[in-house]
Amino acid sequence: MPNKFTGPQPKFVIPSVLKYELTRPSLIEEIEQSADFSLLVLTAPIGFGKTTTLTQWARATRSRVAWLNLDSEDEDPSQLARSLSSSIKAAEPSLKLEKFETARGLQSSEASAFALAEDLNTSASNLRIIVDQAQHLGPEAAHWMELFCTNLAEGHQLILSGYTEPKLRLGRLITQGRVRAINPKHLEFSLEEAKVFLASHGYQGDPMEAYQWLEGWPAGLAMIAQEAHTKVPPEKLVDEILDTLETPLQEVLPELSVLEVWSETEAENFGVSLPEGWLERIRDLGLPMTPLGGGVYRPHTLLLRALDARLCKRPARRKELHRQAALMAEQAGNSLTSIQHYLVAKCFDDARRLAEQVVARLEARAEFRLVRQVLEAFPENQLSDKLQDALAVAYIYLGETQRTETLMQKLYANGIFQRRGYFSLGLVAARKGDTSKALGLFEQGLAQGGNDLLENRLRRNVAHSLVNLGLWERAIVEAERCVKWAAQAGDSLELAKSIRLLVWPLASQRRFEEAESALLRALRVYQEEHLIFDQISVYNDLAELCRLTNRPQEALQHVERALALLGAEDSPNLQLILETKADCYIWLNEFALARDNLLLALERNVLRYLAIEQRVLYKLAEVCCRLGDLEAAENRVLQARAVPLQPQDSTNGVAHFYEGIFHFFTGQLQGARKHFEAALARPLERDRQARSHLYLAEIARLEGHLEHMHVQKLRQAIEQLGNAGVLAVDRAALGKTLEELLALGLPNKYFEMAQAGSLRVDATPTRLRMYLSTLGEFAVKIEGRPVAITNSKAREILVWLALNGKGSRGQIVDALWDGSDDYRHIDYFKISVRRLRSALASHPLVDFDPVPFEGGLYRLGDRLEVQVDVVELERLLALGSAEDLEMALKVYRGTFLPEVEAGWVEPIRTRALDAALAAAASLGEMLAEDNPTQAAWAFQKLVELDPLAEASYIKLLRVLRRLGDHPRAKLVFRSLVRMLADEYGADPDPAVVREFGDLVE
């Protein structure tokens, strides 16, 4: 059994279990899996649970562990040597430290470091040595520890823990990849951990609020958990620490509460005069701050609030500082930060001025959560009428219609209800499914007059309402007026949105090529403006258009493009995309696939659009009928009927259609006829019109009076739709009717199209799309639904299999543990595979083994259609068009598997970064002349990806100059100068200075 030494000397004892301590399995696992690193460093301020975490690991691991708790005496190398050797002897009593004892008699303390390492290297077992409170290592002691660590042989590990970075020079170990760091971000509690911890203490408050306030700070959460018993809140503890500061520092430090990032330079640039060494002083006291590297820290909200409370006692100075911060942020282009500071300084005119500019940009980009965030920060009485209207619109798009109506009623009562008010209430009515009411409100807004952007948006919504009501001719007139206005105004975004309004009216007139051309034209604008939300929506429309023109496979390709844009992000658009995907599968008679996607779409009704919710429920009822599950179909119909839509809404035509389907499959032919006839008497899409006529013909056939008029009506509906592919949807159920209609005069080409086997997909089991995000933050989604995989090795195994196809246990363990054949790794591999299977199988559609083991090989299940972002990145780079290169840059969200240190990852990581760099450089060069705005975006990405490449800065500067964006160019030039000085100790090349001389000043 491993030795868990618990001898009498506290300095060498693994600490005891704390009451109510929270076990951190993910961190314990991370430490356990770091054994291959010679040095593991845990660095975080006081209160982040470093000692507790190491204690938990030391009690749980099978490894032999030595523990040393440093104190101030260990600043002396000789004392450190004695302490460390005693710790090692406590863990390995039989180990003879002969070389070390000999070296202790020598004058050089360095010799003892080499000797102790050599003695340990002769041990028959591996030892992991924990040195806690490593901030006590002075320069000489740190040098001694550096020598000891560097000479440790493979199998041993030194673990240093402290609230400052150890002053060890470990270049060789770092170059060899033998150093692993755990920073404060790793040590912060996750939200779930915070909830468990607070609940175990009987905390009565809101755990989410506490977590956000304390930013996962373990000590702070422990304090509020005990607050009910001790009556000492975390703020009190922070205040007590601040009170220990020297008076000059106490008086000035509160002025830094206006800064989100602290460093000696930041404070100096802001004009706050602080005593020398102030930052080191407050860091050593354990105030809650997160180190960002390079002497830069991010103070936690708790600390900033405590300091702000002190600054509030000097209101004039507080206002002055926030106004100064606002001006600096505005000059730097940080509008959101600037608004926050203006509000604190009560400079409401400046805040409103800036907010109106920012909100206009955010609305154009459909970033309504940010609109709400900006405007809710204002005191209610400081919002202008325009900003109140904007807040109401944001509430609508975020699904908060009750708050919209409350705000609009208040504006109406105050006599300031104008065009924007009608616009907002119209959106509310549309969201509730009352299309007729929405149309009336939009038209009332138009009646107020005006010839501006708001009028065009009102007109666009009039056209959209007319489309939903099936009033195609009127919709085309209004849409064309919108297009004309946007073209004259030179507003490309408004033009794209107006063009899209023409799509379905054009399709209703069988002008399909014009409709598709309009969508592609809008798509190009959205791509140029990097509007992902709108691009997804266009791809969805393209898929619908392809389906209705009998191109279901092409439609599915557009759906996949939309899903690829979504990537790992959740979006309200996902519901519509999944519904469209289900429609394609219904067209292809793949009803099980359709059901799976409709179930996911029902889950994704984020904004609770009632019309969509009812439609999805009815479609689920149809596919349940097709699959023979009439009980489930009835339940879905009852749910659909319960959706509170307005009686006059256009979806009633849709509702009657699906009620007809349900009645037909449950043998209620009279009810079915009644509903199909009611559907045809209301606005209804052309494909459902054709299907309604087909079912009416089937009912007539079953009742024995199928006539020539049924052929005429069906033929007319098909001709209006433009193709007979829709008949394939019902060919299995109504095939005999189609044969009799053929005999009565239905054109043979219609019958052939309905019977075409090419419309079917291969009769293979349902395949599920699994998307792996490996670039930056790791995420897994199956059919758009996130799958949580918390085990880090399980994640790594999943990605390895996704990229390599299959592998034996030996191959995978060899890759993931860099050639190790340690039995613990094989055991842990088995555990990780079990956890991976369990995680993937938690998805409701995964009813098979997602990680089968057959013939000695592991692989991913055949029914998983795996897509990996790193593969997509290289594919897009190879395609090489501007659109593909732009998409490649969006796919690259960060380093490939950044938390994984195994050797197999590094070549892929390098290739991915190289691909992103190549995409950025190629896109920038390609667009520098014709589209400098997008070229600037690409070159900015290039600088971000490789901030040490001078050539990238120069390319960006040249494009910015071409755009006339001199303020931003100056900022980029300053960044270049700073980078060259910091990294290379050099100045810019004289030729560069001459070229951009005006920026130097």
# chains A, B, ... in the order shown; residues from 1 in each chain; ligands from 1
$ residues_around --residues "stretch 241-248 of chain A" --least-positions-apart "6" --cutoff "10 Å" --atoms "only C-alpha atoms" --output "mmCIF file with N, CA and C atoms, in the first residue's frame"
data_model
loop_
_atom_site.group_PDB
_atom_site.id
_atom_site.type_symbol
_atom_site.label_atom_id
_atom_site.label_comp_id
_atom_site.auth_asym_id
_atom_site.auth_seq_id
_atom_site.Cartn_x
_atom_site.Cartn_y
_atom_site.Cartn_z
ATOM 1 N N GLU A 235 -17.556 40.412 2.839
ATOM 2 C CA GLU A 235 -17.153 41.824 2.726
ATOM 3 C C GLU A 235 -16.429 42.293 3.983
ATOM 4 N N PRO A 254 -8.563 52.745 -2.916
ATOM 5 C CA PRO A 254 -9.955 52.757 -3.404
ATOM 6 C C PRO A 254 -10.129 53.397 -4.779
ATOM 7 N N SER A 273 -1.491 57.736 -7.821
ATOM 8 C CA SER A 273 -0.159 57.681 -7.237
ATOM 9 C C SER A 273 -0.172 56.756 -6.028
ATOM 10 N N LEU A 274 0.493 55.614 -6.175
ATOM 11 C CA LEU A 274 0.524 54.604 -5.126
ATOM 12 C C LEU A 274 1.955 54.376 -4.665
ATOM 13 N N PRO A 275 2.147 53.987 -3.398
ATOM 14 C CA PRO A 275 3.514 53.758 -2.901
ATOM 15 C C PRO A 275 4.170 52.575 -3.603
ATOM 16 N N TRP A 278 3.165 48.460 -3.950
ATOM 17 C CA TRP A 278 1.783 48.327 -3.461
ATOM 18 C C TRP A 278 1.117 47.036 -3.945
ATOM 19 N N ARG A 281 2.279 44.016 -2.112
ATOM 20 C CA ARG A 281 1.777 44.050 -0.728
ATOM 21 C C ARG A 281 0.358 43.503 -0.641
ATOM 22 N N ILE A 282 -0.540 43.985 -1.508
ATOM 23 C CA ILE A 282 -1.930 43.524 -1.402
ATOM 24 C C ILE A 282 -2.071 42.085 -1.885
ATOM 25 N N LEU A 285 -1.214 39.774 0.970
ATOM 26 C CA LEU A 285 -2.241 39.742 2.019
ATOM 27 C C LEU A 285 -3.380 38.777 1.677
ATOM 28 N N GLY A 286 -3.433 38.316 0.430
ATOM 29 C CA GLY A 286 -4.455 37.336 0.060
ATOM 30 C C GLY A 286 -5.775 37.934 -0.364
ATOM 31 N N LEU A 287 -5.767 39.193 -0.784
ATOM 32 C CA LEU A 287 -7.009 39.774 -1.297
ATOM 33 C C LEU A 287 -7.399 39.064 -2.595
ATOM 34 N N LEU A 303 -13.721 42.446 -4.083
ATOM 35 C CA LEU A 303 -12.708 43.443 -3.704
ATOM 36 C C LEU A 303 -13.052 44.811 -4.273
ATOM 37 N N ALA A 306 -15.776 46.406 -2.251
ATOM 38 C CA ALA A 306 -15.292 46.887 -0.954
ATOM 39 C C ALA A 306 -14.547 48.206 -1.112
ATOM 40 N N LEU A 307 -13.730 48.300 -2.152
ATOM 41 C CA LEU A 307 -12.987 49.544 -2.397
ATOM 42 C C LEU A 307 -13.927 50.668 -2.841
#
$ residues_around --residues "stretch 910-924 of chain A" --least-positions-apart "6" --cutoff "9 Å" --atoms "only C-alpha atoms" --output "PyMOL selection string"
chain A and resi 775+870-871+873-874+876-877+880-886+888-889+891-892+894-896+932+934-942+945-946+952+955-956+959
$ residues_around --residues "A:His663" --least-positions-apart "3" --cutoff "12 Å" --atoms "only C-alpha atoms" --output "VMD selection string"
chain A and resid 621 to 622 625 630 633 to 634 637 656 to 660 666 to 676 695 699
$ write_last_selection --atoms "N, CA, C and O atoms" --output "compact mmCIF listing (two decimals), in the first residue's frame"
# COMPACT_ATOMS: atom_id res chain seq x y z
N ALA A 621 -47.27 14.74 -34.33
CA ALA A 621 -48.44 13.88 -34.38
C ALA A 621 -48.48 13.12 -35.71
O ALA A 621 -48.77 11.91 -35.75
N GLU A 622 -48.17 13.81 -36.81
CA GLU A 622 -48.18 13.13 -38.12
C GLU A 622 -47.15 12.00 -38.17
O GLU A 622 -47.46 10.87 -38.57
N CYS A 625 -48.20 9.04 -36.29
CA CYS A 625 -49.17 8.28 -37.07
C CYS A 625 -48.46 7.40 -38.09
O CYS A 625 -48.79 6.22 -38.27
N LEU A 630 -50.26 5.54 -32.52
CA LEU A 630 -51.43 6.43 -32.51
C LEU A 630 -51.66 7.06 -31.14
O LEU A 630 -52.19 8.17 -31.03
N ALA A 633 -49.44 9.97 -31.01
CA ALA A 633 -49.98 10.98 -31.91
C ALA A 633 -51.12 11.75 -31.24
O ALA A 633 -51.20 12.98 -31.34
N GLU A 634 -52.01 11.03 -30.55
CA GLU A 634 -53.13 11.70 -29.88
C GLU A 634 -52.63 12.65 -28.80
O GLU A 634 -53.15 13.77 -28.66
N VAL A 637 -51.42 15.79 -30.47
CA VAL A 637 -52.53 16.60 -30.96
C VAL A 637 -53.18 17.37 -29.81
O VAL A 637 -53.48 18.57 -29.93
N HIS A 656 -55.79 22.85 -39.13
CA HIS A 656 -56.82 22.02 -39.76
C HIS A 656 -56.19 20.93 -40.62
O HIS A 656 -56.67 19.79 -40.66
N PHE A 657 -55.10 21.24 -41.31
CA PHE A 657 -54.45 20.24 -42.15
C PHE A 657 -53.98 19.05 -41.30
O PHE A 657 -54.25 17.88 -41.63
N TYR A 658 -53.28 19.35 -40.21
CA TYR A 658 -52.75 18.25 -39.40
C TYR A 658 -53.85 17.54 -38.61
O TYR A 658 -53.73 16.33 -38.33
N GLU A 659 -54.92 18.27 -38.25
CA GLU A 659 -56.07 17.60 -37.65
C GLU A 659 -56.66 16.61 -38.66
O GLU A 659 -57.08 15.50 -38.30
N GLY A 660 -56.68 17.01 -39.94
CA GLY A 660 -57.16 16.10 -40.98
C GLY A 660 -56.31 14.85 -41.06
O GLY A 660 -56.83 13.73 -41.17
N THR A 666 -56.63 7.79 -37.80
CA THR A 666 -57.38 7.13 -36.72
C THR A 666 -58.76 6.67 -37.20
O THR A 666 -59.62 6.33 -36.38
N GLY A 667 -58.98 6.69 -38.54
CA GLY A 667 -60.20 6.14 -39.11
C GLY A 667 -61.42 7.03 -39.04
O GLY A 667 -62.54 6.60 -39.33
N GLN A 668 -61.24 8.30 -38.70
CA GLN A 668 -62.37 9.24 -38.60
C GLN A 668 -62.47 10.02 -39.91
O GLN A 668 -62.09 11.18 -39.99
N LEU A 669 -63.01 9.37 -40.94
CA LEU A 669 -62.97 9.94 -42.28
C LEU A 669 -63.81 11.20 -42.41
O LEU A 669 -63.43 12.15 -43.13
N GLN A 670 -64.97 11.24 -41.76
CA GLN A 670 -65.80 12.44 -41.86
C GLN A 670 -65.10 13.64 -41.23
O GLN A 670 -65.09 14.74 -41.78
N GLY A 671 -64.50 13.42 -40.06
CA GLY A 671 -63.74 14.49 -39.43
C GLY A 671 -62.55 14.91 -40.27
O GLY A 671 -62.22 16.10 -40.36
N ALA A 672 -61.91 13.93 -40.90
CA ALA A 672 -60.75 14.25 -41.75
C ALA A 672 -61.17 15.12 -42.91
O ALA A 672 -60.52 16.13 -43.22
N ARG A 673 -62.29 14.73 -43.59
CA ARG A 673 -62.77 15.54 -44.72
C ARG A 673 -63.05 16.97 -44.27
O ARG A 673 -62.68 17.95 -44.93
N LYS A 674 -63.73 17.10 -43.13
CA LYS A 674 -64.10 18.42 -42.62
C LYS A 674 -62.85 19.29 -42.41
O LYS A 674 -62.82 20.47 -42.78
N HIS A 675 -61.82 18.72 -41.83
CA HIS A 675 -60.61 19.50 -41.54
C HIS A 675 -59.83 19.83 -42.81
O HIS A 675 -59.31 20.95 -42.95
N PHE A 676 -59.73 18.89 -43.76
CA PHE A 676 -59.02 19.19 -45.00
C PHE A 676 -59.73 20.30 -45.79
O PHE A 676 -59.08 21.19 -46.36
N TYR A 695 -55.56 13.76 -50.03
CA TYR A 695 -56.28 13.04 -48.97
C TYR A 695 -57.79 13.08 -49.19
O TYR A 695 -58.50 12.10 -48.92
N ILE A 699 -60.17 9.83 -49.39
CA ILE A 699 -61.42 9.64 -48.64
C ILE A 699 -62.56 9.33 -49.61
O ILE A 699 -63.39 8.44 -49.36
$ select_by_dssp --residues "stretch 73-188 of chain A" --states "alpha helix (DSSP H)" --output "ChimeraX atom specification"
/A:77-91,98-104,109-121,139-150,171-175,184-187
$ write_last_selection --atoms "C-alpha atoms" --output "PDB file, in the first residue's frame"
ATOM      1  CA  PRO A  77      18.650  26.906   1.390  1.00  0.00           C
ATOM      2  CA  SER A  78      20.290  24.854   4.140  1.00  0.00           C
ATOM      3  CA  GLN A  79      17.094  24.775   6.196  1.00  0.00           C
ATOM      4  CA  LEU A  80      15.078  23.990   3.070  1.00  0.00           C
ATOM      5  CA  ALA A  81      17.378  21.040   2.351  1.00  0.00           C
ATOM      6  CA  ARG A  82      16.886  19.699   5.888  1.00  0.00           C
ATOM      7  CA  SER A  83      13.105  20.151   5.706  1.00  0.00           C
ATOM      8  CA  LEU A  84      12.756  18.483   2.309  1.00  0.00           C
ATOM      9  CA  SER A  85      14.981  15.549   3.217  1.00  0.00           C
ATOM     10  CA  SER A  86      12.960  15.009   6.420  1.00  0.00           C
ATOM     11  CA  SER A  87       9.759  15.027   4.401  1.00  0.00           C
ATOM     12  CA  ILE A  88      11.170  12.444   1.984  1.00  0.00           C
ATOM     13  CA  LYS A  89      12.373  10.243   4.861  1.00  0.00           C
ATOM     14  CA  ALA A  90       8.934  10.449   6.469  1.00  0.00           C
ATOM     15  CA  ALA A  91       7.383   9.129   3.252  1.00  0.00           C
ATOM     16  CA  GLU A  98      23.835   8.717   1.924  1.00  0.00           C
ATOM     17  CA  LYS A  99      24.931  11.153  -0.791  1.00  0.00           C
ATOM     18  CA  PHE A 100      22.818  13.883   0.739  1.00  0.00           C
ATOM     19  CA  GLU A 101      24.299  13.416   4.214  1.00  0.00           C
ATOM     20  CA  THR A 102      27.782  13.576   2.726  1.00  0.00           C
ATOM     21  CA  ALA A 103      26.973  16.715   0.706  1.00  0.00           C
ATOM     22  CA  ARG A 104      25.555  18.529   3.738  1.00  0.00           C
ATOM     23  CA  SER A 109      24.444  24.221  -0.630  1.00  0.00           C
ATOM     24  CA  GLU A 110      23.987  23.418  -4.324  1.00  0.00           C
ATOM     25  CA  ALA A 111      25.741  20.111  -3.837  1.00  0.00           C
ATOM     26  CA  SER A 112      23.029  18.992  -1.402  1.00  0.00           C
ATOM     27  CA  ALA A 113      20.347  19.618  -4.024  1.00  0.00           C
ATOM     28  CA  PHE A 114      22.095  17.366  -6.553  1.00  0.00           C
ATOM     29  CA  ALA A 115      22.784  14.759  -3.908  1.00  0.00           C
ATOM     30  CA  LEU A 116      19.234  14.586  -2.551  1.00  0.00           C
ATOM     31  CA  ALA A 117      17.920  14.136  -6.095  1.00  0.00           C
ATOM     32  CA  GLU A 118      20.449  11.379  -6.792  1.00  0.00           C
ATOM     33  CA  ASP A 119      19.516   9.556  -3.581  1.00  0.00           C
ATOM     34  CA  LEU A 120      15.840   9.763  -4.487  1.00  0.00           C
ATOM     35  CA  ASN A 121      16.558   8.500  -8.005  1.00  0.00           C
ATOM     36  CA  PRO A 139      15.794  33.667  -4.377  1.00  0.00           C
ATOM     37  CA  GLU A 140      18.520  31.369  -2.982  1.00  0.00           C
ATOM     38  CA  ALA A 141      16.078  28.719  -1.783  1.00  0.00           C
ATOM     39  CA  ALA A 142      14.289  28.846  -5.139  1.00  0.00           C
ATOM     40  CA  HIS A 143      17.600  28.257  -6.907  1.00  0.00           C
ATOM     41  CA  TRP A 144      18.243  25.245  -4.661  1.00  0.00           C
ATOM     42  CA  MET A 145      14.794  23.840  -5.417  1.00  0.00           C
ATOM     43  CA  GLU A 146      15.371  24.473  -9.123  1.00  0.00           C
ATOM     44  CA  LEU A 147      18.529  22.325  -9.066  1.00  0.00           C
ATOM     45  CA  PHE A 148      16.781  19.574  -7.132  1.00  0.00           C
ATOM     46  CA  CYS A 149      13.795  19.493  -9.512  1.00  0.00           C
ATOM     47  CA  THR A 150      15.899  19.576 -12.673  1.00  0.00           C
ATOM     48  CA  GLY A 171      13.748  26.566 -19.205  1.00  0.00           C
ATOM     49  CA  ARG A 172      14.931  23.060 -20.032  1.00  0.00           C
ATOM     50  CA  LEU A 173      11.990  21.373 -18.326  1.00  0.00           C
ATOM     51  CA  ILE A 174       9.532  23.759 -19.947  1.00  0.00           C
ATOM     52  CA  THR A 175      11.075  23.183 -23.377  1.00  0.00           C
ATOM     53  CA  PRO A 184      -6.801  30.138 -10.280  1.00  0.00           C
ATOM     54  CA  LYS A 185      -9.254  29.477 -13.104  1.00  0.00           C
ATOM     55  CA  HIS A 186      -8.824  25.742 -12.538  1.00  0.00           C
ATOM     56  CA  LEU A 187      -9.225  26.147  -8.795  1.00  0.00           C
TER      57      LEU A 187
END
$ closest_atom_pairs --of "stretch 669-692 of chain A" --to "stretch 454-472 of chain A" --cutoff "12 Å" --atoms "only C-alpha atoms" --output "CSV"
residue,atom,partner,partner_atom,distance
A:Ala681,CA,A:Gly470,CA,12.0
A:Arg682,CA,A:Gly470,CA,9.0
A:Pro683,CA,A:Gly470,CA,5.4
A:Leu684,CA,A:Gly470,CA,7.1
A:Glu685,CA,A:Gly470,CA,7.9
A:Arg686,CA,A:Gly470,CA,10.0
$ write_last_selection --atoms "N, CA, C and O atoms" --output "PDB file, in the first residue's frame"
ATOM      1  N   ALA A 681     -59.839  26.232 -47.165  1.00  0.00           N
ATOM      2  CA  ALA A 681     -60.601  27.475 -47.154  1.00  0.00           C
ATOM      3  C   ALA A 681     -59.824  28.608 -46.490  1.00  0.00           C
ATOM      4  O   ALA A 681     -60.307  29.742 -46.442  1.00  0.00           O
ATOM      5  N   ARG A 682     -58.639  28.309 -45.970  1.00  0.00           N
ATOM      6  CA  ARG A 682     -57.824  29.303 -45.266  1.00  0.00           C
ATOM      7  C   ARG A 682     -56.463  29.416 -45.943  1.00  0.00           C
ATOM      8  O   ARG A 682     -56.104  28.574 -46.760  1.00  0.00           O
ATOM      9  N   PRO A 683     -55.710  30.459 -45.606  1.00  0.00           N
ATOM     10  CA  PRO A 683     -54.353  30.544 -46.157  1.00  0.00           C
ATOM     11  C   PRO A 683     -53.557  29.299 -45.790  1.00  0.00           C
ATOM     12  O   PRO A 683     -53.518  28.889 -44.634  1.00  0.00           O
ATOM     13  N   LEU A 684     -52.942  28.689 -46.797  1.00  0.00           N
ATOM     14  CA  LEU A 684     -52.230  27.428 -46.585  1.00  0.00           C
ATOM     15  C   LEU A 684     -51.113  27.309 -47.619  1.00  0.00           C
ATOM     16  O   LEU A 684     -51.294  27.666 -48.783  1.00  0.00           O
ATOM     17  N   GLU A 685     -49.957  26.802 -47.175  1.00  0.00           N
ATOM     18  CA  GLU A 685     -48.842  26.645 -48.091  1.00  0.00           C
ATOM     19  C   GLU A 685     -49.224  25.713 -49.243  1.00  0.00           C
ATOM     20  O   GLU A 685     -50.037  24.810 -49.087  1.00  0.00           O
ATOM     21  N   ARG A 686     -48.584  25.921 -50.407  1.00  0.00           N
ATOM     22  CA  ARG A 686     -48.974  25.194 -51.618  1.00  0.00           C
ATOM     23  C   ARG A 686     -48.754  23.685 -51.478  1.00  0.00           C
ATOM     24  O   ARG A 686     -49.528  22.892 -52.015  1.00  0.00           O
TER      25      ARG A 686
END
$ closest_residue --among "A:Ala902, A:Ala655, A:Val846, A:Leu427" --to "A:Asp814" --atoms "only C-alpha atoms"
A:Ala902
$ select_by_dssp --residues "stretch 140-379 of chain A" --states "strand (DSSP E or B)" --output "list in words"
Gln157, Leu158, Ile159, Leu160, Ser161, Gly162, Val179, Arg180, Ala181, Ile182, Trp262, Met289, Thr290, Pro291, Leu292, Gly293, Val296, Tyr297, Arg298 and Pro299 of chain A
$ residues_around --residues "A:Arg595" --least-positions-apart "6" --cutoff "10 Å" --atoms "only C-alpha atoms" --output "list of chain:residue names"
A:Glu579, A:Ala582, A:Asp583, A:Tyr585, A:Ile586, A:Ala601, A:Val616, A:Lys619, A:Leu620, A:Ala621, A:Glu622, A:Val623, A:Cys624, A:Leu627
$ residues_around --residues "stretch 838-844 of chain A" --least-positions-apart "5" --cutoff "8 Å" --atoms "only C-alpha atoms" --output "PyMOL selection string"
chain A and resi 782+785+787-789+849-850
$ residues_around --residues "A:Ala316" --least-positions-apart "3" --cutoff "12 Å" --atoms "only C-alpha atoms" --output "list of chain:residue names"
A:Glu255, A:Leu311, A:Cys312, A:Lys313, A:Lys319, A:Glu320, A:Leu321, A:His322, A:Arg323, A:Val344, A:Ala345, A:Lys346
$ closest_residue --among "A:Leu495, A:Val992, A:Leu441, A:Ala717" --to "A:Arg958" --atoms "only C-alpha atoms"
A:Val992
$ closest_residue --among "A:Leu696, A:Ala969, A:Leu198, A:Ala429" --to "A:Leu734" --atoms "only C-alpha atoms"
A:Leu696
$ closest_residue --among "A:Val371, A:Leu502, A:Leu957, A:Ile661" --to "A:Arg481" --atoms "only C-alpha atoms"
A:Leu502
$ closest_residue --among "A:Gly220, A:Pro299, A:Pro15, A:Pro505" --to "A:Ile130" --atoms "only C-alpha atoms"
A:Pro15
